[in-house]
$ cat my_file34.tsv   # TSV, C-alpha atoms
chain	number	residue	atom	x	y	z
R	254	MET	CA	153.97	83.45	129.61
R	255	LEU	CA	150.41	84.06	128.39
R	256	ARG	CA	148.78	86.53	125.99
R	257	ILE	CA	145.09	86.79	125.04
R	258	ILE	CA	144.28	88.44	121.70
R	259	TYR	CA	141.07	89.56	120.06
R	260	ASP	CA	140.22	91.69	117.03
R	261	TYR	CA	139.58	95.40	117.33
R	262	LYS	CA	137.37	96.82	120.05
R	263	LEU	CA	134.20	94.98	119.11
R	264	SER	CA	131.58	94.86	121.86
R	265	LYS	CA	130.94	91.14	121.37
R	266	LEU	CA	134.62	90.23	121.71
R	267	GLU	CA	135.09	92.64	124.60
R	268	LYS	CA	132.22	90.95	126.42
R	269	GLN	CA	133.61	87.49	125.67
R	270	TYR	CA	136.98	88.50	127.07
R	271	ASN	CA	135.40	89.90	130.23
R	272	TYR	CA	133.63	86.57	130.71
R	273	ILE	CA	136.76	84.45	130.41
R	274	LYS	CA	139.62	86.59	131.71
R	275	ASN	CA	139.43	85.46	135.34
R	276	ILE	CA	139.64	81.75	134.63
R	277	PHE	CA	143.07	82.07	132.98
R	278	PRO	CA	146.41	82.68	134.72
R	279	PRO	CA	147.78	86.27	134.75
R	280	HIS	CA	148.18	87.40	131.15
R	281	GLU	CA	148.74	90.26	128.75
R	282	LEU	CA	145.73	91.47	126.74
R	283	ILE	CA	146.13	92.56	123.12
R	284	ILE	CA	143.24	94.23	121.29
R	285	TYR	CA	144.43	93.98	117.72
R	286	ASP	CA	143.97	96.57	114.99
R	287	ASN	CA	145.76	96.84	111.68
R	288	ASN	CA	147.83	99.85	112.81
R	289	GLN	CA	150.00	97.58	114.94
R	290	THR	CA	152.08	96.24	112.04
R	291	ASN	CA	155.24	98.20	112.95
R	292	ILE	CA	155.31	97.07	116.57
R	293	ILE	CA	157.51	94.17	117.66
R	294	TYR	CA	155.92	92.10	120.41
R	295	PRO	CA	157.87	89.80	122.76
R	296	HIS	CA	157.75	86.04	122.46
R	297	LYS	CA	155.23	84.29	124.76
R	298	LYS	CA	154.75	80.66	125.60
R	299	TYR	CA	150.98	80.82	124.86
R	300	ASN	CA	148.88	82.97	122.56
R	301	ILE	CA	145.13	82.57	123.12
R	302	TYR	CA	142.95	83.95	120.31
R	303	ILE	CA	139.22	84.57	120.65
R	304	ASP	CA	137.14	83.44	117.62
R	305	SER	CA	139.63	84.06	114.79
R	306	ILE	CA	143.26	84.68	113.78
R	307	SER	CA	144.60	86.87	110.99
R	308	GLU	CA	147.95	86.40	109.26
R	309	ASN	CA	149.10	89.75	110.65
R	310	GLN	CA	148.34	88.62	114.18
R	311	TYR	CA	150.19	85.36	113.68
R	312	PHE	CA	153.39	87.12	112.58
R	313	LEU	CA	153.11	90.03	115.05
R	314	TYR	CA	152.78	87.96	118.21
R	315	PRO	CA	155.36	85.13	118.31
R	316	SER	CA	154.59	82.25	120.64
R	317	GLU	CA	155.48	78.64	121.29
R	318	PHE	CA	151.83	77.52	121.36
R	319	ASN	CA	148.74	79.01	119.67
R	320	ILE	CA	145.31	78.36	121.18
R	321	LEU	CA	142.01	79.23	119.51
R	322	ILE	CA	138.82	79.62	121.56
R	323	ILE	CA	136.00	78.68	119.21
R	324	ASN	CA	132.25	78.39	119.31
R	325	ASP	CA	129.77	76.77	116.95
R	326	GLU	CA	130.07	79.60	114.42
R	327	TYR	CA	133.61	78.45	113.65
R	328	VAL	CA	132.53	75.05	112.42
R	329	ILE	CA	129.46	76.41	110.63
R	330	THR	CA	131.48	78.88	108.56
R	331	ASN	CA	134.16	76.21	108.00
R	332	ASN	CA	137.02	78.67	108.33
R	333	LYS	CA	140.10	76.59	107.39
R	334	TYR	CA	142.63	79.37	106.89
R	335	LEU	CA	144.12	82.34	108.68
R	336	ARG	CA	142.20	85.48	107.81
R	337	ARG	CA	143.98	87.65	105.25
R	338	GLU	CA	143.50	91.41	105.48
R	339	SER	CA	145.08	92.46	102.19
R	340	TYR	CA	145.77	90.83	98.84
R	341	GLN	CA	148.90	88.67	98.50
R	342	LYS	CA	149.98	86.22	95.83
R	343	ASN	CA	151.26	83.56	98.22
R	344	PRO	CA	148.89	80.75	99.30
R	345	LEU	CA	146.66	81.08	102.35
R	346	ILE	CA	148.01	79.56	105.56
R	347	PRO	CA	145.98	76.59	106.85
R	348	LEU	CA	144.63	77.33	110.31
R	349	ASP	CA	145.30	73.85	111.64
R	350	LYS	CA	148.95	74.17	110.65
R	351	ILE	CA	149.58	76.83	113.29
R	352	ILE	CA	146.92	76.01	115.93
R	353	ASN	CA	148.28	73.77	118.68
R	354	PHE	CA	145.07	73.54	120.70
R	355	TYR	CA	141.37	74.26	120.14
R	356	PHE	CA	139.33	75.22	123.20
R	357	CYS	CA	135.75	74.23	122.31
R	358	LEU	CA	132.80	75.83	124.07
R	359	THR	CA	130.30	73.16	123.01
R	360	LYS	CA	130.21	69.42	122.41
R	361	TYR	CA	128.85	70.20	118.94
R	362	SER	CA	131.99	72.09	117.83
R	363	TYR	CA	134.19	69.50	119.53
R	364	ASN	CA	132.56	66.64	117.61
R	365	ILE	CA	132.64	68.49	114.27
R	366	LEU	CA	136.34	69.27	114.59
R	367	LYS	CA	137.06	65.66	115.50
R	368	LYS	CA	134.96	64.47	112.54
R	369	ASN	CA	136.88	66.85	110.26
R	370	GLY	CA	140.14	65.16	111.15
R	371	ILE	CA	141.48	67.46	113.87
R	372	ASP	CA	143.70	65.44	116.21
R	373	LYS	CA	141.80	64.68	119.43
R	374	LYS	CA	144.93	65.62	121.39
R	375	LYS	CA	144.49	69.20	120.16
R	376	LEU	CA	140.87	69.49	121.39
R	377	LEU	CA	139.83	70.63	124.86
R	378	LEU	CA	136.10	70.73	125.63
R	379	LEU	CA	135.10	73.46	128.09
R	380	ASN	CA	131.60	73.33	129.56
R	381	GLY	CA	130.98	76.75	131.06
R	382	LEU	CA	133.61	79.29	130.08
R	383	MET	CA	132.78	82.00	132.60
R	384	PRO	CA	133.88	82.98	136.09
R	385	LYS	CA	131.49	82.45	138.96
R	386	ILE	CA	129.33	85.55	139.48
R	387	ASP	CA	127.01	85.91	142.45
R	388	LYS	CA	124.01	88.21	142.23
R	389	SER	CA	120.99	88.55	144.43
R	390	LEU	CA	117.68	87.15	143.24
R	391	GLN	CA	116.01	90.51	142.72
R	392	ASN	CA	113.93	90.18	139.57
R	393	SER	CA	110.30	90.44	140.55
R	394	GLY	CA	109.13	92.47	137.54
R	395	LYS	CA	106.80	91.28	134.82
R	396	TYR	CA	108.92	92.36	131.86
R	397	ILE	CA	110.00	89.79	129.27
R	398	LEU	CA	113.01	90.67	127.11
R	399	TYR	CA	113.65	89.61	123.51
R	400	GLU	CA	116.88	90.89	121.94
R	401	ILE	CA	117.25	90.72	118.17
R	402	ASP	CA	120.61	89.26	117.28
R	403	ILE	CA	122.26	90.76	114.21
R	404	TYR	CA	123.62	87.33	113.25
R	405	SER	CA	120.52	85.27	114.08
R	406	GLN	CA	119.01	84.86	110.59
R	407	GLN	CA	115.82	84.00	112.45
R	408	ASP	CA	112.28	85.04	111.65
R	409	ASN	CA	112.27	87.53	114.55
R	410	ILE	CA	108.98	89.03	113.48
R	411	ASN	CA	107.16	85.91	114.74
R	412	ILE	CA	107.58	87.01	118.35
R	413	LEU	CA	105.77	90.27	117.57
R	414	LYS	CA	103.01	88.63	115.55
R	415	THR	CA	102.44	85.98	118.21
R	416	TRP	CA	102.34	88.50	121.04
R	417	LEU	CA	99.95	90.81	119.17
R	418	LYS	CA	97.63	87.92	118.35
R	419	TYR	CA	97.53	86.07	121.69
R	420	PHE	CA	99.07	88.09	124.53
R	421	ILE	CA	98.44	91.78	123.91
R	422	HIS	CA	96.09	92.00	126.93
R	423	ARG	CA	98.26	90.15	129.43
R	424	PRO	CA	99.76	92.02	132.44
R	425	GLU	CA	103.29	91.03	131.41
R	426	LYS	CA	105.11	93.47	129.12
R	427	LEU	CA	107.24	92.38	126.19
R	428	ILE	CA	110.43	94.35	125.54
R	429	ILE	CA	111.99	93.96	122.09
R	430	LYS	CA	115.48	95.38	121.69
R	431	TYR	CA	116.30	95.78	118.03
R	432	ILE	CA	119.49	96.72	116.15
R	433	TYR	CA	118.46	98.62	113.04
R	434	GLU	CA	115.52	100.88	112.31
R	435	LYS	CA	114.96	99.00	109.04
R	436	GLU	CA	114.42	95.66	110.78
R	437	ASP	CA	111.34	93.85	109.42
R	438	ILE	CA	109.96	93.73	112.93
R	439	ILE	CA	109.91	97.56	113.12
R	440	THR	CA	108.38	97.92	109.67
R	441	GLU	CA	105.67	95.42	110.58
R	442	PHE	CA	105.04	97.11	113.91
R	443	LYS	CA	104.46	100.45	112.21
R	444	LYS	CA	102.32	98.89	109.51
R	445	ILE	CA	100.08	96.92	111.88
R	446	LEU	CA	99.60	99.75	114.31
R	447	GLN	CA	99.80	102.57	111.78
R	448	LEU	CA	102.43	104.32	113.85
R	449	HIS	CA	104.57	107.05	112.37
R	450	LYS	CA	105.95	108.86	115.41
R	451	LEU	CA	108.62	107.70	117.82
R	452	PHE	CA	109.19	108.84	121.34
R	453	ASP	CA	112.69	110.36	121.46
R	454	ASN	CA	113.00	108.93	117.91
R	455	LYS	CA	114.19	105.64	119.37
R	456	ILE	CA	111.46	103.97	121.37
R	457	TYR	CA	107.96	102.64	120.57
R	458	PHE	CA	105.11	101.86	122.96
R	459	TYR	CA	101.88	99.98	122.31
R	460	LYS	CA	99.77	98.49	125.12
R	461	ASN	CA	102.08	95.88	126.69
R	462	ILE	CA	104.87	96.08	124.05
R	463	ILE	CA	108.00	98.24	124.21
R	464	LEU	CA	110.57	98.45	121.40
R	465	PHE	CA	113.88	100.31	121.48
R	466	ASN	CA	117.43	100.07	120.16
R	467	ASP	CA	119.44	102.04	122.71
R	468	ASP	CA	121.21	100.28	125.59
R	469	LYS	CA	120.40	103.15	127.92
R	470	TYR	CA	116.74	102.11	127.86
R	471	LEU	CA	117.65	98.54	128.68
R	472	LEU	CA	119.50	99.75	131.77
R	473	ASN	CA	116.30	101.44	132.92
R	474	TYR	CA	114.38	98.16	132.79
R	475	ILE	CA	117.01	95.51	133.55
R	476	ASN	CA	116.18	95.04	137.26
R	477	ASP	CA	112.50	94.56	136.42
R	478	ILE	CA	113.09	92.01	133.65
R	479	SER	CA	112.27	88.61	135.10
R	480	THR	CA	112.39	86.55	131.89
R	481	VAL	CA	114.37	86.51	128.64
R	482	ILE	CA	113.60	84.79	125.35
R	483	ILE	CA	116.91	83.82	123.74
R	484	ASN	CA	116.88	83.15	120.01
R	485	ASN	CA	120.47	84.07	119.15
R	486	SER	CA	122.78	82.67	116.51
R	487	ASN	CA	125.42	80.16	117.52
R	488	TYR	CA	127.84	83.09	117.34
R	489	ASN	CA	126.33	84.68	120.45
R	490	PHE	CA	124.02	82.07	121.94
R	491	ILE	CA	126.25	80.49	124.56
R	492	TYR	CA	127.38	83.82	126.00
R	493	LYS	CA	123.85	85.19	126.23
R	494	LEU	CA	122.75	82.00	127.94
R	495	TYR	CA	125.52	82.25	130.55
R	496	GLU	CA	124.90	85.96	131.06
R	497	TYR	CA	121.23	85.54	131.91
R	498	ILE	CA	121.68	82.42	134.00
R	499	PHE	CA	123.99	84.40	136.26
R	500	ASP	CA	121.70	87.40	136.14
R	501	TYR	CA	118.94	85.25	137.65
R	502	LYS	CA	116.55	85.49	134.72
R	503	TYR	CA	114.07	82.80	133.80
R	504	ILE	CA	115.13	81.65	130.33
R	505	ILE	CA	112.94	80.58	127.42
R	506	THR	CA	115.10	79.37	124.57
R	507	LYS	CA	115.64	76.84	121.81
R	508	ASN	CA	116.09	73.18	122.48
R	509	ASN	CA	119.64	72.26	121.45
R	510	ASP	CA	122.80	70.68	122.83
R	511	ILE	CA	123.92	73.90	124.52
R	512	SER	CA	120.65	74.57	126.35
R	513	GLN	CA	120.32	70.92	127.38
R	514	LYS	CA	123.85	70.97	128.79
R	515	ASN	CA	123.47	74.18	130.78
R	516	LEU	CA	119.80	74.41	131.75
R	517	ASP	CA	117.73	72.35	134.14
R	518	LYS	CA	115.12	70.00	132.66
R	519	SER	CA	112.36	72.13	134.15
R	520	ASN	CA	113.04	74.94	131.66
R	521	ILE	CA	110.57	75.57	128.85
R	522	LEU	CA	112.30	75.14	125.47
R	523	PHE	CA	111.02	75.59	121.91
R	524	ASN	CA	112.13	73.61	118.87
R	525	THR	CA	111.09	76.06	116.15
R	526	PHE	CA	110.49	79.80	116.32
R	527	THR	CA	107.03	79.66	114.74
R	528	GLU	CA	103.78	81.32	115.79
R	529	ASN	CA	102.24	78.02	116.83
R	530	GLU	CA	105.16	76.90	118.96
R	531	LEU	CA	105.70	80.32	120.48
R	532	ASN	CA	102.04	80.38	121.48
R	533	ILE	CA	102.34	76.96	123.13
R	534	THR	CA	105.65	77.86	124.79
R	535	LEU	CA	104.47	81.16	126.23
R	536	ASN	CA	101.18	79.70	127.42
R	537	SER	CA	103.13	77.00	129.28
R	538	PHE	CA	105.33	79.67	130.81
R	539	PHE	CA	102.39	81.80	131.96
R	540	GLN	CA	100.94	78.79	133.79
R	541	LEU	CA	104.01	78.58	136.05
R	542	ASP	CA	103.88	80.21	139.45
R	543	ASN	CA	106.73	82.33	140.81
R	544	VAL	CA	107.93	79.59	143.15
R	545	LYS	CA	108.53	77.16	140.27
R	546	LYS	CA	110.22	79.87	138.21
R	547	LYS	CA	112.63	80.71	141.03
R	548	GLU	CA	113.37	77.02	141.59
R	549	THR	CA	114.29	76.66	137.92
R	550	ILE	CA	116.42	79.83	137.99
R	551	ASN	CA	118.43	78.49	140.94
R	552	LYS	CA	118.77	75.04	139.39
R	553	ASN	CA	120.15	76.64	136.22
R	554	LYS	CA	122.75	78.57	138.21
R	555	ASN	CA	123.78	75.49	140.20
R	556	LYS	CA	124.12	73.41	137.04
R	557	LEU	CA	126.24	76.02	135.27
R	558	ASN	CA	128.43	76.44	138.35
R	559	LYS	CA	129.21	72.73	138.21
R	560	ASN	CA	130.19	73.08	134.56
R	561	ILE	CA	132.38	76.08	135.38
R	562	LYS	CA	134.07	74.22	138.22
R	563	ALA	CA	134.94	71.42	135.80
R	564	THR	CA	136.20	73.97	133.25
R	565	ASN	CA	138.41	75.72	135.81
R	566	LYS	CA	139.94	72.38	136.71
R	567	LYS	CA	140.66	71.65	133.03
R	568	ILE	CA	142.25	75.07	132.54
R	569	ASP	CA	144.42	74.70	135.66
R	570	ASN	CA	145.58	71.25	134.60
R	571	PHE	CA	146.27	72.43	131.04
R	572	PHE	CA	148.65	75.22	132.07
R	573	LYS	CA	150.33	73.10	134.75
R	574	ASN	CA	151.42	70.57	132.13

$ encode --input "my_file34.tsv" --output "structure tokens"
Amino acid sequence: MLRIIYDYKLSKLEKQYNYIKNIFPPHELIIYDNNQTNIIYPHKKYNIYIDSISENQYFLYPSEFNILIINDEYVITNNKYLRRESYQKNPLIPLDKIINFYFCLTKYSYNILKKNGIDKKKLLLLNGLMPKIDKSLQNSGKYILYEIDIYSQQDNINILKTWLKYFIHRPEKLIIKYIYEKEDIITEFKKILQLHKLFDNKIYFYKNIILFNDDKYLLNYINDISTVIINNSNYNFIYKLYEYIFDYKYIITKNNDISQKNLDKSNILFNTFTENELNITLNSFFQLDNVKKKETINKNKNKLNKNIKATNKKIDNFFKN
């Protein structure tokens, strides 16, 4: 009856699938790669695609209804056609021609699609696309995590400059997880501190700052990380937000429709990722006591659980019809 499909074995898409798999009825999972072109797949009533659809996927996996799970990145990139993986003379296939339903993760994407002329009957708004996960409130450490997002296009270096200027002597430790060695933030770090050597060639230390790019180091610290600063692109933002709400982290993030919908009003939000606003935001955070932080963490979880409960009801009703 139901098949969920995503492209290749990309970590982002794998994580997205793991978040959503339990809210859908029993289904077949397809992880697509372009070596599957000679395989004939059975007809299903529903195909659910995560993020995008290629022409090859469309023809390989026949179905009565095609559903696309989208986030804000979809409407930003304005992808109107099925993705083509090799040159062909025939015209591109309009995406809306073959999509029967759009599952929107945010009100922003829902409104943009509606504004762009997508039939309202094809739109389903889902607030909280994750299963309920219960974890114990165990984070008592004084580590603050900032992960650089490869898609963020943000001035990530501002977090380092701000911390070095205002917070380098605080007891809290800032962890920066980066992607590439050539990131501006790494270059600046070496230049400011005149560092040339790395520990294990992958990790930097300076006073209360730790930088690394290997997930194994993050696993060493994760239980002691009490707070995360989320500055991701729309491509990853909503999933990171959900992940850390359920992981009982205090969240400092940007003020937008997604954070307002899923976080309690007591959270500290920034509007711009500038030195001045980061200084104000972090100073406000450091003035909070642990009791208020834990209250906010629990309120965030309760609010997101309500959204997930509403989403589960929508999903159940959708597949009953």

$ atom_distance --input "my_file34.tsv" --atom1 "atom CA of Tyr340 of chain R" --atom2 "atom CA of Phe312 of chain R"
16.1 Å

$ residues_around --input "my_file34.tsv" --residues "Ile301 of chain R" --least-positions-apart "4" --cutoff "6 Å" --atoms "all atoms listed in the file" --output "PyMOL selection string"
chain R and resi 257+320-321

$ residues_around --input "my_file34.tsv" --residues "Tyr302 of chain R" --least-positions-apart "3" --cutoff "10 Å" --atoms "all atoms listed in the file" --output "list in words"
Arg256, Ile257, Ile258, Tyr259, Asp260, Ile283, Tyr299, Ser305, Ile306, Ser307, Gln310, Tyr311, Asn319, Ile320, Leu321, Ile322, Ile323, Ile352, Tyr355 and Phe356 of chain R

$ residues_around --input "my_file34.tsv" --residues "segment 565-572 of chain R" --least-positions-apart "2" --cutoff "8 Å" --atoms "all atoms listed in the file" --output "ChimeraX atom specification"
/R:276-277,379,561-563,574

$ residues_around --input "my_file34.tsv" --residues "segment 395-404 of chain R" --least-positions-apart "4" --cutoff "7 Å" --atoms "all atoms listed in the file" --output "ChimeraX atom specification"
/R:409,425-432,477-483,485-486

$ atom_distance --input "my_file34.tsv" --atom1 "atom CA of Leu377 of chain R" --atom2 "atom CA of Lys514 of chain R"
16.5 Å

$ closest_residue --input "my_file34.tsv" --among "R:Asn489, R:Asn524, R:Asn484, R:Ser519" --to "Ile412 of chain R" --atoms "all atoms listed in the file"
R:Asn484

$ closest_residue --input "my_file34.tsv" --among "R:Lys546, R:Arg337, R:Lys360, R:Lys373" --to "Asn287 of chain R" --atoms "all atoms listed in the file"
R:Arg337

$ residues_around --input "my_file34.tsv" --residues "Thr527 of chain R" --least-positions-apart "4" --cutoff "12 Å" --atoms "only C-alpha atoms" --output "ChimeraX atom specification"
/R:407-416,484,507,523,531-535

$ closest_residue --input "my_file34.tsv" --among "R:Pro279, R:Thr359, R:Asn309, R:Lys368" --to "Ile293 of chain R" --atoms "all atoms listed in the file"
R:Asn309

$ atom_distance --input "my_file34.tsv" --atom1 "atom CA of Leu494 of chain R" --atom2 "atom CA of Asn551 of chain R"
14.1 Å

$ closest_residue --input "my_file34.tsv" --among "R:Lys350, R:Lys367, R:His280, R:Leu255" --to "Pro315 of chain R" --atoms "all atoms listed in the file"
R:Leu255

$ closest_residue --input "my_file34.tsv" --among "R:Asn520, R:Asn466, R:Asn461, R:Thr525" --to "Pro424 of chain R" --atoms "all atoms listed in the file"
R:Asn461

$ decode --input "my_file34.tsv" --residues "segment 337-350 of chain R" --atoms "N, CA and C atoms" --output "short mmCIF file (atom, residue, chain, number, x, y, z; two decimals), in the first residue's frame"
data_model
loop_
_atom_site.label_atom_id
_atom_site.label_comp_id
_atom_site.auth_asym_id
_atom_site.auth_seq_id
_atom_site.Cartn_x
_atom_site.Cartn_y
_atom_site.Cartn_z
N ARG R 337 16.16 15.93 -13.24
CA ARG R 337 16.64 15.10 -14.36
C ARG R 337 18.10 14.77 -14.12
N GLU R 338 18.44 13.49 -14.25
CA GLU R 338 19.79 13.03 -13.92
C GLU R 338 20.69 12.88 -15.13
N SER R 339 20.14 12.94 -16.32
CA SER R 339 20.95 12.87 -17.54
C SER R 339 20.24 13.67 -18.63
N TYR R 340 20.99 14.09 -19.61
CA TYR R 340 20.44 14.94 -20.67
C TYR R 340 19.42 14.20 -21.53
N GLN R 341 18.29 14.87 -21.79
CA GLN R 341 17.27 14.37 -22.71
C GLN R 341 16.70 15.56 -23.47
N LYS R 342 16.23 15.31 -24.69
CA LYS R 342 15.68 16.38 -25.50
C LYS R 342 14.27 16.75 -25.11
N ASN R 343 13.52 15.80 -24.56
CA ASN R 343 12.11 16.07 -24.24
C ASN R 343 11.98 17.05 -23.08
N PRO R 344 10.88 17.79 -23.02
CA PRO R 344 10.70 18.83 -21.98
C PRO R 344 10.72 18.24 -20.57
N LEU R 345 11.11 19.06 -19.61
CA LEU R 345 11.05 18.67 -18.20
C LEU R 345 9.61 18.45 -17.78
N ILE R 346 9.42 17.56 -16.81
CA ILE R 346 8.07 17.24 -16.32
C ILE R 346 7.75 18.14 -15.13
N PRO R 347 6.66 18.93 -15.23
CA PRO R 347 6.29 19.78 -14.08
C PRO R 347 6.00 18.94 -12.84
N LEU R 348 6.55 19.35 -11.72
CA LEU R 348 6.38 18.62 -10.47
C LEU R 348 4.92 18.54 -10.06
N ASP R 349 4.22 19.65 -10.19
CA ASP R 349 2.83 19.69 -9.73
C ASP R 349 1.92 18.80 -10.57
N LYS R 350 2.38 18.43 -11.75
CA LYS R 350 1.58 17.58 -12.62
C LYS R 350 1.47 16.17 -12.06
#
